[in-house]
Amino acid sequence: MARPVQFNEKVKMVEIPKGYSGEGFFATTFDKAIGAARKNSIWPLPFATSCCGIEFMATAASHYDLARFGAERMAFTPRQCDLLMVMGTIAKKMGPVLRQVYLQMAEPRWVIAVGACASSGGVFDTYSVLQGIDQVIPVDVYVPGCPPRPEAILDGFMRIQELVGQESLRRRHSDRYKDLMNSYGIQ
Amino acid sequence: MSLTNDYIKQRLVEKFGEELTSFEEPFGLLSFTAPAALNLKVMQFLYDDEELQFRFLTDLTAVHYPNQVGAELAVVYHLYNFREKVRLRLKIFVPVAAPKVFTATKLFESANWMERESYDFYGVEFVGHPNLKRILNVDEMTYFPMRKEFPLEDQTRVDKDDEMFGR
């Protein structure tokens, strides 16, 4: 019987991963189940150093609402976070700090470079500014813009979700990944 | 009695004679040049004198003039007399090949960081400074970025090529 008052009728559910289902069971691969779980509860670590950080604040606030993507839990400890969001100009002196934060994150970890400065140094083509954070840590998604609109940040975030959802559980043990880490001098 | 630029100049000329040059007053600010070896003596005189009393170092910085051969680097001191509310500007010039300047840290504690900054960006060597090392830039930096012999852009970039950026 329908209840007299109904709430939350338009709840959007995450799609069930592909698999075999039958009476009382559902079978799929760990890759898909874990990927679906991970991508919908990413804990971001905002590393905001300038104006892109302000755009990110708008992204996380009610109007754009990053929480819709399961990422409302900002944590300011790298050890608990999955996604390092680097937003803003990184000076060369900040480089080692950023790298340290990245090293403190547990695998699996992802990095998004938001804005022109984090991606390439932006207009700060000068002696004191790191010309893109990919000089010190590997980056998964770059968001262009100076600063990018919250929509662009959300788009970048959804691309991260795509990567997270489709990532093979063996990727982090692969030789290719180890080579990537070694190229940054990370063991 | 208010302290006028003419009087300050008169006292300085009495004390140091021909050593001080290039007296001028842009925007009413008394400016002059001293030989590099005399910078401390001039400042000490301005500090100790009962009438002058320039006992506050407002600013200390450097300027690079690549075309003045033999006197490429200028070190500029801004001094202030709190009692009379009078400022003055003292410049000294040193060659970029041997930019040695006596430190003002014995006279003004505030000169410590400002001299480190001038060293960091211009490579001025302050003789006698207690801790002369880079203050703002990364320690690994091998050059003095505000000197005009260095290009402003970061030369370590590989993605900005000639075709796109006119390098």
# chains A, B, ... in the order shown; residues from 1 in each chain; ligands from 1
call {"tool": "residues_around", "arguments": {"residues": "stretch 11-20 of chain B", "least_positions_apart": "6", "cutoff": "8 Å", "atoms": "only C-alpha atoms", "output": "JSON, numbers by chain"}}
result
{"B": [32, 33, 34, 35]}
call {"tool": "write_last_selection", "arguments": {"atoms": "C-alpha atoms", "output": "PDB file, in the first residue's frame"}}
result
ATOM      1  CA  PHE B  32      72.505  61.022  -1.998  1.00  0.00           C
ATOM      2  CA  THR B  33      75.234  58.574  -2.862  1.00  0.00           C
ATOM      3  CA  ALA B  34      78.064  57.467  -0.609  1.00  0.00           C
ATOM      4  CA  PRO B  35      81.141  55.374  -1.367  1.00  0.00           C
TER       5      PRO B  35
END
call {"tool": "residues_around", "arguments": {"residues": "stretch 183-185 of chain A", "least_positions_apart": "3", "cutoff": "10 Å", "atoms": "only C-alpha atoms", "output": "list in words"}}
result
Arg99, Asp134, Gln135, Val136, Ile137, Pro138, Tyr177, Lys178, Asp179 and Leu180 of chain A
call {"tool": "write_last_selection", "arguments": {"atoms": "N, CA and C atoms", "output": "PDB file, in the first residue's frame"}}
result
ATOM      1  N   ARG A  99      54.791  17.208  -2.546  1.00  0.00           N
ATOM      2  CA  ARG A  99      55.289  15.842  -2.741  1.00  0.00           C
ATOM      3  C   ARG A  99      55.158  15.039  -1.454  1.00  0.00           C
ATOM      4  N   ASP A 134      53.020  18.226 -12.342  1.00  0.00           N
ATOM      5  CA  ASP A 134      53.481  16.920 -12.824  1.00  0.00           C
ATOM      6  C   ASP A 134      55.005  16.856 -12.885  1.00  0.00           C
ATOM      7  N   GLN A 135      55.669  17.931 -12.513  1.00  0.00           N
ATOM      8  CA  GLN A 135      57.122  17.840 -12.368  1.00  0.00           C
ATOM      9  C   GLN A 135      57.516  17.139 -11.070  1.00  0.00           C
ATOM     10  N   VAL A 136      56.619  17.095 -10.097  1.00  0.00           N
ATOM     11  CA  VAL A 136      56.982  16.440  -8.836  1.00  0.00           C
ATOM     12  C   VAL A 136      56.101  15.246  -8.489  1.00  0.00           C
ATOM     13  N   ILE A 137      54.849  15.219  -8.953  1.00  0.00           N
ATOM     14  CA  ILE A 137      54.001  14.062  -8.674  1.00  0.00           C
ATOM     15  C   ILE A 137      53.197  13.712  -9.928  1.00  0.00           C
ATOM     16  N   PRO A 138      52.832  12.434 -10.091  1.00  0.00           N
ATOM     17  CA  PRO A 138      52.018  12.071 -11.248  1.00  0.00           C
ATOM     18  C   PRO A 138      50.593  12.603 -11.116  1.00  0.00           C
ATOM     19  N   TYR A 177      53.085   0.844 -13.707  1.00  0.00           N
ATOM     20  CA  TYR A 177      52.835   1.794 -12.622  1.00  0.00           C
ATOM     21  C   TYR A 177      54.104   2.015 -11.805  1.00  0.00           C
ATOM     22  N   LYS A 178      54.848   0.916 -11.596  1.00  0.00           N
ATOM     23  CA  LYS A 178      56.087   1.063 -10.826  1.00  0.00           C
ATOM     24  C   LYS A 178      57.088   1.932 -11.580  1.00  0.00           C
ATOM     25  N   ASP A 179      57.118   1.746 -12.903  1.00  0.00           N
ATOM     26  CA  ASP A 179      58.012   2.595 -13.706  1.00  0.00           C
ATOM     27  C   ASP A 179      57.619   4.056 -13.575  1.00  0.00           C
ATOM     28  N   LEU A 180      56.302   4.295 -13.597  1.00  0.00           N
ATOM     29  CA  LEU A 180      55.818   5.685 -13.458  1.00  0.00           C
ATOM     30  C   LEU A 180      56.285   6.269 -12.129  1.00  0.00           C
TER      31      LEU A 180
END
call {"tool": "select_by_dssp", "arguments": {"residues": "stretch 17-172 of chain A", "states": "alpha helix (DSSP H)", "output": "ChimeraX atom specification"}}
result
/A:30-39,51-60,95-104,115-120,150-166
call {"tool": "residues_around", "arguments": {"residues": "B:Leu52", "least_positions_apart": "4", "cutoff": "8 Å", "atoms": "only C-alpha atoms", "output": "ChimeraX atom specification"}}
result
/B:3,8,46-48,81
call {"tool": "residues_around", "arguments": {"residues": "A:Pro17", "least_positions_apart": "5", "cutoff": "9 Å", "atoms": "only C-alpha atoms", "output": "list in words"}}
result
Thr28, Thr29, Lys32, Ala33 and Ala36 of chain A
call {"tool": "write_last_selection", "arguments": {"atoms": "C-alpha atoms", "output": "PDB file, in the first residue's frame"}}
result
ATOM      1  CA  THR A  28      30.347  -9.886 -10.378  1.00  0.00           C
ATOM      2  CA  THR A  29      34.063  -9.238 -10.283  1.00  0.00           C
ATOM      3  CA  LYS A  32      33.637  -3.761 -10.671  1.00  0.00           C
ATOM      4  CA  ALA A  33      32.189  -3.970  -7.186  1.00  0.00           C
ATOM      5  CA  ALA A  36      31.744   1.193  -7.926  1.00  0.00           C
TER       6      ALA A  36
END
call {"tool": "interface_residues", "arguments": {"of": "chain A", "to": "chain B", "cutoff": "8 Å", "atoms": "only C-alpha atoms", "output": "list in words"}}
result
Lys92, Lys93, Asp125, Thr126, Tyr127, Ser128 and Gln131 of chain A
call {"tool": "atom_distance", "arguments": {"atom1": "atom CA of B:Leu29", "atom2": "atom CA of B:His129"}}
result
28.4 Å
call {"tool": "select_by_dssp", "arguments": {"residues": "stretch 26-104 of chain B", "states": "strand (DSSP E or B)", "output": "PyMOL selection string"}}
result
chain B and resi 30-34+56-64+73-81+86-94+100-102
